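What follows is the content of work.cif, which has mmCIF, C-alpha atoms:
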```cif
data_entry
loop_
_atom_site.label_atom_id
_atom_site.label_comp_id
_atom_site.auth_asym_id
_atom_site.auth_seq_id
_atom_site.Cartn_x
_atom_site.Cartn_y
_atom_site.Cartn_z
CA MET P 1 -138.40 -40.08 -116.43
CA SER P 2 -141.82 -38.94 -115.18
CA GLN P 3 -142.68 -39.44 -111.53
CA HIS P 4 -145.64 -41.57 -110.44
CA ILE P 5 -147.50 -40.35 -107.34
CA TYR P 6 -149.87 -42.83 -105.67
CA ILE P 7 -153.20 -41.48 -104.40
CA ASN P 8 -155.87 -43.93 -103.22
CA GLY P 9 -154.91 -46.72 -105.59
CA GLU P 10 -154.30 -44.56 -108.66
CA TYR P 11 -151.15 -43.03 -110.10
CA PHE P 12 -150.70 -39.45 -111.23
CA SER P 13 -147.85 -37.38 -112.60
CA LYS P 14 -146.24 -34.92 -110.18
CA ASP P 15 -148.12 -31.99 -111.76
CA ASP P 16 -151.47 -33.79 -111.72
CA ALA P 17 -151.28 -35.24 -108.20
CA LYS P 18 -153.87 -33.20 -106.28
CA ILE P 19 -156.15 -33.36 -103.25
CA SER P 20 -159.01 -31.06 -102.20
CA VAL P 21 -158.23 -27.67 -100.67
CA TYR P 22 -160.91 -28.65 -98.11
CA ASP P 23 -158.83 -31.62 -96.96
CA HIS P 24 -158.24 -31.34 -93.22
CA GLY P 25 -154.68 -32.51 -93.75
CA LEU P 26 -154.08 -29.20 -95.51
CA LEU P 27 -156.40 -27.05 -93.41
CA TYR P 28 -155.36 -28.31 -89.97
CA GLY P 29 -152.44 -30.71 -90.32
CA ASP P 30 -154.95 -33.45 -89.50
CA GLY P 31 -153.28 -36.64 -90.62
CA VAL P 32 -150.30 -38.92 -90.12
CA PHE P 33 -147.25 -39.86 -92.15
CA GLU P 34 -144.16 -42.03 -92.38
CA GLY P 35 -140.79 -41.35 -94.00
CA MET P 36 -139.01 -44.48 -95.23
CA ARG P 37 -135.89 -45.39 -97.14
CA ALA P 38 -135.40 -47.77 -100.05
CA TYR P 39 -132.14 -49.65 -100.49
CA GLY P 40 -131.62 -51.86 -103.50
CA GLY P 41 -135.25 -51.30 -104.42
CA LYS P 42 -136.50 -52.64 -101.06
CA VAL P 43 -138.11 -50.53 -98.33
CA PHE P 44 -136.21 -50.76 -95.05
CA ARG P 45 -138.36 -52.12 -92.19
CA LEU P 46 -141.59 -51.40 -94.05
CA GLU P 47 -143.70 -53.46 -91.64
CA GLN P 48 -142.47 -51.50 -88.63
CA HIS P 49 -143.21 -48.21 -90.39
CA LEU P 50 -146.74 -49.33 -91.24
CA ILE P 51 -147.43 -50.55 -87.71
CA ARG P 52 -146.35 -47.14 -86.42
CA LEU P 53 -148.55 -45.43 -89.03
CA TRP P 54 -151.57 -47.50 -87.97
CA GLU P 55 -150.92 -46.77 -84.30
CA SER P 56 -150.60 -43.03 -85.01
CA ALA P 57 -153.89 -43.11 -86.93
CA LEU P 58 -155.61 -45.13 -84.21
CA SER P 59 -154.44 -42.64 -81.58
CA ILE P 60 -156.09 -39.71 -83.41
CA GLY P 61 -159.22 -41.62 -84.44
CA LEU P 62 -158.33 -41.73 -88.14
CA LYS P 63 -159.55 -44.75 -90.09
CA ILE P 64 -157.08 -45.79 -92.79
CA PRO P 65 -159.20 -47.05 -95.71
CA THR P 66 -157.05 -50.07 -96.53
CA THR P 67 -155.13 -52.86 -94.81
CA ILE P 68 -151.47 -53.16 -93.91
CA GLU P 69 -151.13 -56.04 -96.35
CA ALA P 70 -152.71 -54.13 -99.24
CA LEU P 71 -150.74 -50.96 -98.53
CA THR P 72 -147.51 -52.97 -98.34
CA ALA P 73 -148.14 -54.20 -101.88
CA ASP P 74 -149.05 -50.68 -103.05
CA ILE P 75 -145.89 -49.13 -101.61
CA ASN P 76 -143.68 -51.79 -103.18
CA GLU P 77 -145.44 -51.22 -106.50
CA CYS P 78 -144.92 -47.45 -106.19
CA VAL P 79 -141.19 -47.96 -105.56
CA GLU P 80 -140.99 -50.24 -108.60
CA LYS P 81 -142.98 -47.87 -110.84
CA ASN P 82 -140.60 -45.05 -109.98
CA SER P 83 -137.52 -47.26 -110.51
CA LEU P 84 -136.37 -46.22 -107.05
CA ASP P 85 -133.28 -48.24 -106.25
CA GLU P 86 -131.97 -45.89 -103.55
CA GLY P 87 -134.31 -43.20 -102.25
CA TYR P 88 -137.00 -41.95 -99.92
CA ILE P 89 -140.68 -42.79 -99.60
CA ARG P 90 -143.16 -40.41 -97.99
CA LEU P 91 -146.43 -42.09 -96.99
CA ILE P 92 -149.26 -39.76 -95.97
CA VAL P 93 -152.81 -40.35 -94.71
CA THR P 94 -155.04 -37.28 -94.37
CA ARG P 95 -158.42 -36.99 -92.69
CA GLY P 96 -160.00 -36.15 -96.06
CA ALA P 97 -162.16 -33.29 -97.32
CA GLY P 98 -164.58 -31.69 -94.88
CA ALA P 99 -166.06 -28.35 -93.90
CA LEU P 100 -164.20 -25.16 -92.94
CA GLY P 101 -164.48 -26.08 -89.29
CA LEU P 102 -162.58 -28.36 -86.93
CA ASP P 103 -165.21 -31.10 -86.84
CA PRO P 104 -163.41 -34.22 -88.14
CA TYR P 105 -166.68 -36.14 -88.38
CA LYS P 106 -167.67 -33.99 -91.35
CA CYS P 107 -164.68 -35.35 -93.27
CA ASP P 108 -164.97 -38.29 -95.61
CA ASN P 109 -162.73 -40.18 -98.00
CA PRO P 110 -159.32 -40.14 -96.24
CA GLN P 111 -156.49 -39.67 -98.72
CA VAL P 112 -153.67 -42.23 -98.83
CA ILE P 113 -150.68 -40.78 -100.68
CA CYS P 114 -147.31 -42.33 -101.48
CA ILE P 115 -144.40 -40.37 -102.97
CA ALA P 116 -141.21 -42.20 -103.94
CA ASP P 117 -138.28 -40.00 -104.90
CA LYS P 118 -134.57 -39.37 -104.50
CA ILE P 119 -133.32 -37.56 -101.41
CA THR P 120 -130.06 -35.95 -100.31
CA LEU P 121 -130.54 -34.72 -96.77
CA TYR P 122 -126.99 -33.71 -95.90
CA PRO P 123 -123.85 -33.26 -98.04
CA ASP P 124 -121.19 -35.98 -97.93
CA GLU P 125 -118.71 -33.80 -96.05
CA LEU P 126 -121.05 -33.64 -93.05
CA TYR P 127 -121.14 -37.43 -92.90
CA GLN P 128 -117.34 -37.45 -93.00
CA ASN P 129 -116.71 -34.61 -90.55
CA GLY P 130 -119.88 -34.40 -88.46
CA LEU P 131 -122.41 -31.60 -88.12
CA GLU P 132 -122.91 -28.77 -85.65
CA LEU P 133 -126.04 -28.25 -83.55
CA ILE P 134 -127.60 -25.44 -81.59
CA THR P 135 -130.21 -25.76 -78.86
CA ALA P 136 -133.50 -24.38 -80.14
CA ALA P 137 -135.64 -22.12 -77.97
CA THR P 138 -138.67 -23.94 -79.42
CA ILE P 139 -139.36 -27.02 -77.29
CA ARG P 140 -141.04 -30.30 -78.16
CA ASN P 141 -144.82 -30.39 -77.80
CA HIS P 142 -145.94 -31.23 -74.27
CA PRO P 143 -146.66 -34.99 -74.20
CA ALA P 144 -149.87 -34.36 -72.27
CA ALA P 145 -151.16 -32.28 -75.20
CA LEU P 146 -150.43 -34.78 -77.95
CA SER P 147 -148.48 -38.00 -77.67
CA PRO P 148 -145.05 -37.58 -79.30
CA ARG P 149 -145.49 -41.12 -80.61
CA VAL P 150 -148.09 -39.80 -83.05
CA LYS P 151 -146.24 -38.90 -86.26
CA SER P 152 -148.72 -36.24 -87.31
CA LEU P 153 -148.75 -33.85 -90.26
CA ASN P 154 -148.51 -30.92 -87.84
CA TYR P 155 -144.76 -30.32 -87.65
CA LEU P 156 -144.86 -26.60 -86.96
CA ASN P 157 -142.82 -26.66 -83.75
CA ASN P 158 -140.16 -28.76 -85.49
CA ILE P 159 -140.15 -26.31 -88.40
CA MET P 160 -139.71 -23.33 -86.07
CA ALA P 161 -136.78 -25.09 -84.38
CA LYS P 162 -135.32 -25.94 -87.80
CA MET P 163 -135.48 -22.26 -88.73
CA GLU P 164 -133.56 -21.38 -85.57
CA GLY P 165 -130.86 -23.84 -86.54
CA LEU P 166 -130.61 -22.64 -90.13
CA LYS P 167 -130.39 -19.00 -89.05
CA ALA P 168 -127.47 -19.99 -86.82
CA GLY P 169 -125.77 -21.78 -89.72
CA CYS P 170 -126.67 -25.28 -88.50
CA VAL P 171 -128.65 -27.81 -90.52
CA GLU P 172 -130.06 -29.41 -87.35
CA ALA P 173 -131.15 -28.14 -83.95
CA LEU P 174 -131.57 -29.86 -80.60
CA MET P 175 -135.02 -29.68 -79.02
CA LEU P 176 -135.61 -29.97 -75.28
CA ASN P 177 -138.80 -31.18 -73.62
CA HIS P 178 -141.02 -29.29 -71.18
CA LYS P 179 -138.73 -30.33 -68.31
CA GLY P 180 -135.62 -28.96 -70.00
CA GLU P 181 -134.31 -32.43 -70.78
CA VAL P 182 -132.89 -33.48 -74.13
CA ALA P 183 -135.62 -34.87 -76.39
CA GLU P 184 -134.53 -35.08 -80.02
CA CYS P 185 -133.55 -32.93 -82.97
CA THR P 186 -135.99 -31.44 -85.47
CA GLY P 187 -136.03 -34.59 -87.59
CA ASP P 188 -133.69 -37.05 -85.90
CA ASN P 189 -133.19 -38.95 -82.65
CA ILE P 190 -130.00 -38.30 -80.70
CA PHE P 191 -127.40 -40.57 -79.06
CA ILE P 192 -124.29 -39.89 -77.01
CA VAL P 193 -121.35 -42.06 -75.96
CA LYS P 194 -119.67 -41.58 -72.59
CA ASN P 195 -116.97 -43.97 -71.32
CA ASP P 196 -118.01 -46.52 -73.99
CA LEU P 197 -121.65 -46.43 -72.80
CA LEU P 198 -124.24 -45.60 -75.46
CA MET P 199 -127.11 -43.44 -74.22
CA THR P 200 -130.29 -42.06 -75.79
CA PRO P 201 -133.39 -40.37 -74.35
CA PRO P 202 -136.30 -42.70 -73.54
CA VAL P 203 -139.76 -42.46 -75.10
CA GLU P 204 -140.90 -40.78 -71.87
CA ALA P 205 -138.69 -37.78 -72.70
CA GLY P 206 -141.19 -36.83 -75.40
CA ILE P 207 -139.49 -38.33 -78.43
CA LEU P 208 -140.75 -40.07 -81.51
CA GLU P 209 -139.61 -43.69 -81.22
CA GLY P 210 -137.57 -43.82 -84.40
CA ILE P 211 -137.28 -46.91 -86.58
CA THR P 212 -133.59 -46.15 -87.25
CA ARG P 213 -133.07 -45.41 -83.55
CA ASN P 214 -134.35 -48.85 -82.65
CA ALA P 215 -132.26 -50.49 -85.37
CA VAL P 216 -129.13 -48.84 -83.95
CA LEU P 217 -129.97 -50.04 -80.43
CA GLU P 218 -130.36 -53.58 -81.80
CA LEU P 219 -127.02 -53.32 -83.62
CA ALA P 220 -125.30 -52.06 -80.49
CA ASP P 221 -126.62 -55.06 -78.56
CA GLU P 222 -125.40 -57.46 -81.25
CA MET P 223 -121.97 -55.77 -81.27
CA GLY P 224 -121.59 -55.93 -77.49
CA ILE P 225 -121.86 -52.16 -77.05
CA GLU P 226 -123.65 -51.44 -73.77
CA SER P 227 -126.58 -49.07 -74.20
CA ILE P 228 -129.21 -47.49 -71.96
CA GLU P 229 -132.21 -45.22 -72.41
CA ALA P 230 -131.86 -42.42 -69.87
CA ALA P 231 -132.94 -38.83 -69.27
CA LEU P 232 -130.22 -36.53 -70.59
CA THR P 233 -129.44 -32.84 -70.25
CA ARG P 234 -127.31 -30.57 -72.40
CA HIS P 235 -124.53 -31.05 -69.85
CA ASP P 236 -124.41 -34.72 -70.87
CA ILE P 237 -123.95 -33.76 -74.51
CA TYR P 238 -121.36 -31.05 -73.74
CA THR P 239 -119.28 -33.60 -71.80
CA ALA P 240 -119.89 -36.62 -74.07
CA ASP P 241 -117.11 -38.46 -75.86
CA GLU P 242 -119.25 -38.84 -79.00
CA CYS P 243 -122.64 -37.78 -80.28
CA PHE P 244 -124.64 -38.84 -83.31
CA LEU P 245 -128.12 -38.55 -84.80
CA THR P 246 -130.33 -41.18 -86.41
CA GLY P 247 -133.30 -40.99 -88.74
CA SER P 248 -134.77 -42.62 -91.83
CA ALA P 249 -133.58 -39.76 -94.04
CA ALA P 250 -130.40 -38.92 -92.12
CA GLU P 251 -129.43 -42.55 -91.39
CA VAL P 252 -126.50 -42.25 -88.90
CA ILE P 253 -124.54 -38.97 -88.74
CA ALA P 254 -122.13 -37.63 -86.14
CA ALA P 255 -122.66 -34.34 -84.30
CA VAL P 256 -119.40 -32.68 -83.28
CA LYS P 257 -120.56 -29.39 -81.71
CA LEU P 258 -123.51 -28.18 -79.65
CA ASP P 259 -123.97 -24.45 -79.05
CA ASP P 260 -120.46 -23.86 -80.41
CA ARG P 261 -118.98 -26.24 -77.80
CA GLN P 262 -116.90 -29.10 -79.18
CA ILE P 263 -118.12 -32.60 -78.38
CA GLY P 264 -115.31 -35.06 -77.63
CA GLU P 265 -112.51 -34.71 -80.15
CA GLY P 266 -114.67 -32.72 -82.54
CA LYS P 267 -114.94 -35.49 -85.12
CA PRO P 268 -116.89 -38.73 -85.59
CA GLY P 269 -115.81 -41.11 -82.84
CA PRO P 270 -115.02 -44.84 -83.03
CA ILE P 271 -118.36 -46.14 -81.75
CA THR P 272 -120.25 -43.78 -84.07
CA LYS P 273 -118.18 -45.09 -86.98
CA GLN P 274 -118.76 -48.72 -85.97
CA LEU P 275 -122.51 -48.27 -85.71
CA ASN P 276 -122.65 -46.28 -88.94
CA GLU P 277 -120.85 -49.05 -90.81
CA ALA P 278 -123.00 -51.75 -89.22
CA PHE P 279 -126.15 -49.83 -90.17
CA ARG P 280 -125.02 -49.50 -93.78
CA ILE P 281 -124.48 -53.26 -93.91
CA LEU P 282 -127.85 -53.92 -92.29
CA VAL P 283 -129.89 -51.87 -94.76
CA ARG P 284 -128.38 -53.71 -97.71
CA GLN P 285 -128.92 -57.21 -96.41
#
```
structure tokens encoding of this file:
Amino acid sequence: MSQHIYINGEYFSKDDAKISVYDHGLLYGDGVFEGMRAYGGKVFRLEQHLIRLWESALSIGLKIPTTIEALTADINECVEKNSLDEGYIRLIVTRGAGALGLDPYKCDNPQVICIADKITLYPDELYQNGLELITAATIRNHPAALSPRVKSLNYLNNIMAKMEGLKAGCVEALMLNHKGEVAECTGDNIFIVKNDLLMTPPVEAGILEGITRNAVLELADEMGIESIEAALTRHDIYTADECFLTGSAAEVIAAVKLDDRQIGEGKPGPITKQLNEAFRILVRQ
């Protein structure tokens, strides 16, 4: 079945979906995006994703040439056109075509792109047994340079950290902030459990405030699992009883080693399993 790519209200085949080589999204990573999941043909927490997209765009002075209501309808139509029952949606807004200079005011016609496709981020055995992490030498961008709450198209520091992990035989890597505190992984937020207390770094640690992260915090509250947002160091992860990652693509997945040091019993722990099961129920409601 051919794939239908949405660009500014029109649909194109995968091979014909194109934007200008002068687009500042390509030239400078000047744009914003969201990664979302579809379950049973419905996009999980679409409104929250779009609010975050609009806030990211507002923060960088990018005018999205549509409304949240109209784009909601377009995304749902794109999912339906691609017969996407279970899958991943990548929503992108670029600054548009401009000159070969940095000046964003020479750009016009921002590009709104929606790609709906299947995704398999990690193999099943990693969800069953947990994954291993290393600490990347590449740190998160300094929050005074660009707010980490802006989900921009410039992911180069995350990519460099991802390369470090892959070279070490790990599919994910832990990134620290400029203070040496735990921030997040290259594409996922991180949680630990210590003495039945659930902990995750706060927004102030330089993290992207994940939609799945927030859903897990809500589930923990509903399940009576005490949780706090607190500054963490690698010591906290090394000595944790459990550790897991969250993200739209990754969902909820245990981490059982950091820097070749076993975390807890070296397997997904009971609270991780409870929250994973609760999340799987939530997304299918």
Would you mind listing what lies within 7 Å of region 164-178 of chain P as a list of chain:residue names, with only C-alpha atoms counted and same-chain residues fewer than 2 positions away left out?
->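 The filter keeps P:Glu132, P:Leu133, P:Ile134, P:Thr135, P:Ala136, P:Thr138, P:Ile139, P:Arg140, P:His142, P:Met160, P:Ala161, P:Lys162, P:Gly180, P:Glu181, P:Val182, P:Ala183, P:Glu184, P:Cys185, P:Thr186, P:Ala205, P:Gly206.
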Evaluate the PyMOL selection byres ((chain P and resi 73-80) around 10) and record the selected residues as a PDB file with C-alpha atoms, in the frame of the given file, following the chain and residue labels used in the document.
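After the write, result-v5.pdb holds the following:
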```pdb
ATOM      1  CA  GLN P   3    -142.680 -39.440-111.530  1.00  0.00           C
ATOM      2  CA  HIS P   4    -145.640 -41.570-110.440  1.00  0.00           C
ATOM      3  CA  ILE P   5    -147.500 -40.350-107.340  1.00  0.00           C
ATOM      4  CA  TYR P   6    -149.870 -42.830-105.670  1.00  0.00           C
ATOM      5  CA  ASN P   8    -155.870 -43.930-103.220  1.00  0.00           C
ATOM      6  CA  GLY P   9    -154.910 -46.720-105.590  1.00  0.00           C
ATOM      7  CA  GLU P  10    -154.300 -44.560-108.660  1.00  0.00           C
ATOM      8  CA  TYR P  11    -151.150 -43.030-110.100  1.00  0.00           C
ATOM      9  CA  ALA P  38    -135.400 -47.770-100.050  1.00  0.00           C
ATOM     10  CA  GLY P  41    -135.250 -51.300-104.420  1.00  0.00           C
ATOM     11  CA  LYS P  42    -136.500 -52.640-101.060  1.00  0.00           C
ATOM     12  CA  VAL P  43    -138.110 -50.530 -98.330  1.00  0.00           C
ATOM     13  CA  LEU P  46    -141.590 -51.400 -94.050  1.00  0.00           C
ATOM     14  CA  ILE P  68    -151.470 -53.160 -93.910  1.00  0.00           C
ATOM     15  CA  GLU P  69    -151.130 -56.040 -96.350  1.00  0.00           C
ATOM     16  CA  ALA P  70    -152.710 -54.130 -99.240  1.00  0.00           C
ATOM     17  CA  LEU P  71    -150.740 -50.960 -98.530  1.00  0.00           C
ATOM     18  CA  THR P  72    -147.510 -52.970 -98.340  1.00  0.00           C
ATOM     19  CA  LYS P  81    -142.980 -47.870-110.840  1.00  0.00           C
ATOM     20  CA  ASN P  82    -140.600 -45.050-109.980  1.00  0.00           C
ATOM     21  CA  SER P  83    -137.520 -47.260-110.510  1.00  0.00           C
ATOM     22  CA  LEU P  84    -136.370 -46.220-107.050  1.00  0.00           C
ATOM     23  CA  ASP P  85    -133.280 -48.240-106.250  1.00  0.00           C
ATOM     24  CA  GLU P  86    -131.970 -45.890-103.550  1.00  0.00           C
ATOM     25  CA  GLY P  87    -134.310 -43.200-102.250  1.00  0.00           C
ATOM     26  CA  TYR P  88    -137.000 -41.950 -99.920  1.00  0.00           C
ATOM     27  CA  ILE P  89    -140.680 -42.790 -99.600  1.00  0.00           C
ATOM     28  CA  ARG P  90    -143.160 -40.410 -97.990  1.00  0.00           C
ATOM     29  CA  LEU P  91    -146.430 -42.090 -96.990  1.00  0.00           C
ATOM     30  CA  ILE P 113    -150.680 -40.780-100.680  1.00  0.00           C
ATOM     31  CA  CYS P 114    -147.310 -42.330-101.480  1.00  0.00           C
ATOM     32  CA  ILE P 115    -144.400 -40.370-102.970  1.00  0.00           C
ATOM     33  CA  ALA P 116    -141.210 -42.200-103.940  1.00  0.00           C
ATOM     34  CA  ASP P 117    -138.280 -40.000-104.900  1.00  0.00           C
TER      35      ASP P 117
END
```
For Val252 (chain P), which residue out of P:Ile237, P:Ile190, P:Leu197, P:Ile225 is the nearest one, using only C-alpha atoms?
->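 The answer is P:Ile190, which sits nearest to Val252 (chain P).
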Pull out every residue that the PyMOL selection byres ((chain P and resi 211) around 8) matches in the shown coordinates and put them as a CSV table (one decimal) with C-alpha atoms, in the frame of the given file.
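Wrote selection.csv, looks like this:
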```csv
chain,number,residue,atom,x,y,z
P,45,ARG,CA,-138.4,-52.1,-92.2
P,48,GLN,CA,-142.5,-51.5,-88.6
P,49,HIS,CA,-143.2,-48.2,-90.4
P,209,GLU,CA,-139.6,-43.7,-81.2
P,210,GLY,CA,-137.6,-43.8,-84.4
P,212,THR,CA,-133.6,-46.2,-87.2
P,213,ARG,CA,-133.1,-45.4,-83.6
P,214,ASN,CA,-134.4,-48.8,-82.6
P,215,ALA,CA,-132.3,-50.5,-85.4
P,247,GLY,CA,-133.3,-41.0,-88.7
P,248,SER,CA,-134.8,-42.6,-91.8
```
Taking (-125.3, -37.1, -91.1) in the file's own coordinates, collect the residues within 6 Å, counting all atoms listed in the file, and hand them back as a PyMOL selection string.
-> chain P and resi 126-127+250+252-254
Can you write out the residues you just picked, keeping C-alpha atoms, as a PDB file, keeping the file's coordinate frame?
```pdb
ATOM      1  CA  LEU P 126    -121.050 -33.640 -93.050  1.00  0.00           C
ATOM      2  CA  TYR P 127    -121.140 -37.430 -92.900  1.00  0.00           C
ATOM      3  CA  ALA P 250    -130.400 -38.920 -92.120  1.00  0.00           C
ATOM      4  CA  VAL P 252    -126.500 -42.250 -88.900  1.00  0.00           C
ATOM      5  CA  ILE P 253    -124.540 -38.970 -88.740  1.00  0.00           C
ATOM      6  CA  ALA P 254    -122.130 -37.630 -86.140  1.00  0.00           C
TER       7      ALA P 254
END
```
My structure is short of atoms at region 223-234 of chain P; please model N, CA and C atoms there, returning them as a compact mmCIF listing (two decimals), keeping the file's coordinate frame.
```txt
# COMPACT_ATOMS: atom_id res chain seq x y z
N MET P 223 -123.40 -56.05 -81.22
CA MET P 223 -121.97 -55.77 -81.27
C MET P 223 -121.32 -55.73 -79.89
N GLY P 224 -122.14 -55.94 -78.85
CA GLY P 224 -121.59 -55.93 -77.49
C GLY P 224 -121.34 -54.54 -76.95
N ILE P 225 -121.98 -53.53 -77.54
CA ILE P 225 -121.86 -52.16 -77.05
C ILE P 225 -122.98 -51.92 -76.04
N GLU P 226 -122.63 -51.64 -74.81
CA GLU P 226 -123.65 -51.44 -73.77
C GLU P 226 -124.43 -50.17 -74.06
N SER P 227 -125.76 -50.25 -73.93
CA SER P 227 -126.58 -49.07 -74.20
C SER P 227 -127.69 -48.97 -73.15
N ILE P 228 -128.10 -47.74 -72.87
CA ILE P 228 -129.21 -47.49 -71.96
C ILE P 228 -130.06 -46.35 -72.51
N GLU P 229 -131.34 -46.35 -72.15
CA GLU P 229 -132.21 -45.22 -72.41
C GLU P 229 -132.31 -44.45 -71.10
N ALA P 230 -131.92 -43.18 -71.11
CA ALA P 230 -131.86 -42.42 -69.87
C ALA P 230 -132.14 -40.94 -70.16
N ALA P 231 -132.72 -40.28 -69.16
CA ALA P 231 -132.94 -38.83 -69.27
C ALA P 231 -131.59 -38.14 -69.37
N LEU P 232 -131.47 -37.24 -70.36
CA LEU P 232 -130.22 -36.53 -70.59
C LEU P 232 -130.45 -35.02 -70.53
N THR P 233 -129.40 -34.30 -70.18
CA THR P 233 -129.44 -32.84 -70.25
C THR P 233 -128.37 -32.38 -71.23
N ARG P 234 -128.36 -31.08 -71.51
CA ARG P 234 -127.31 -30.57 -72.40
C ARG P 234 -125.92 -30.78 -71.81
```
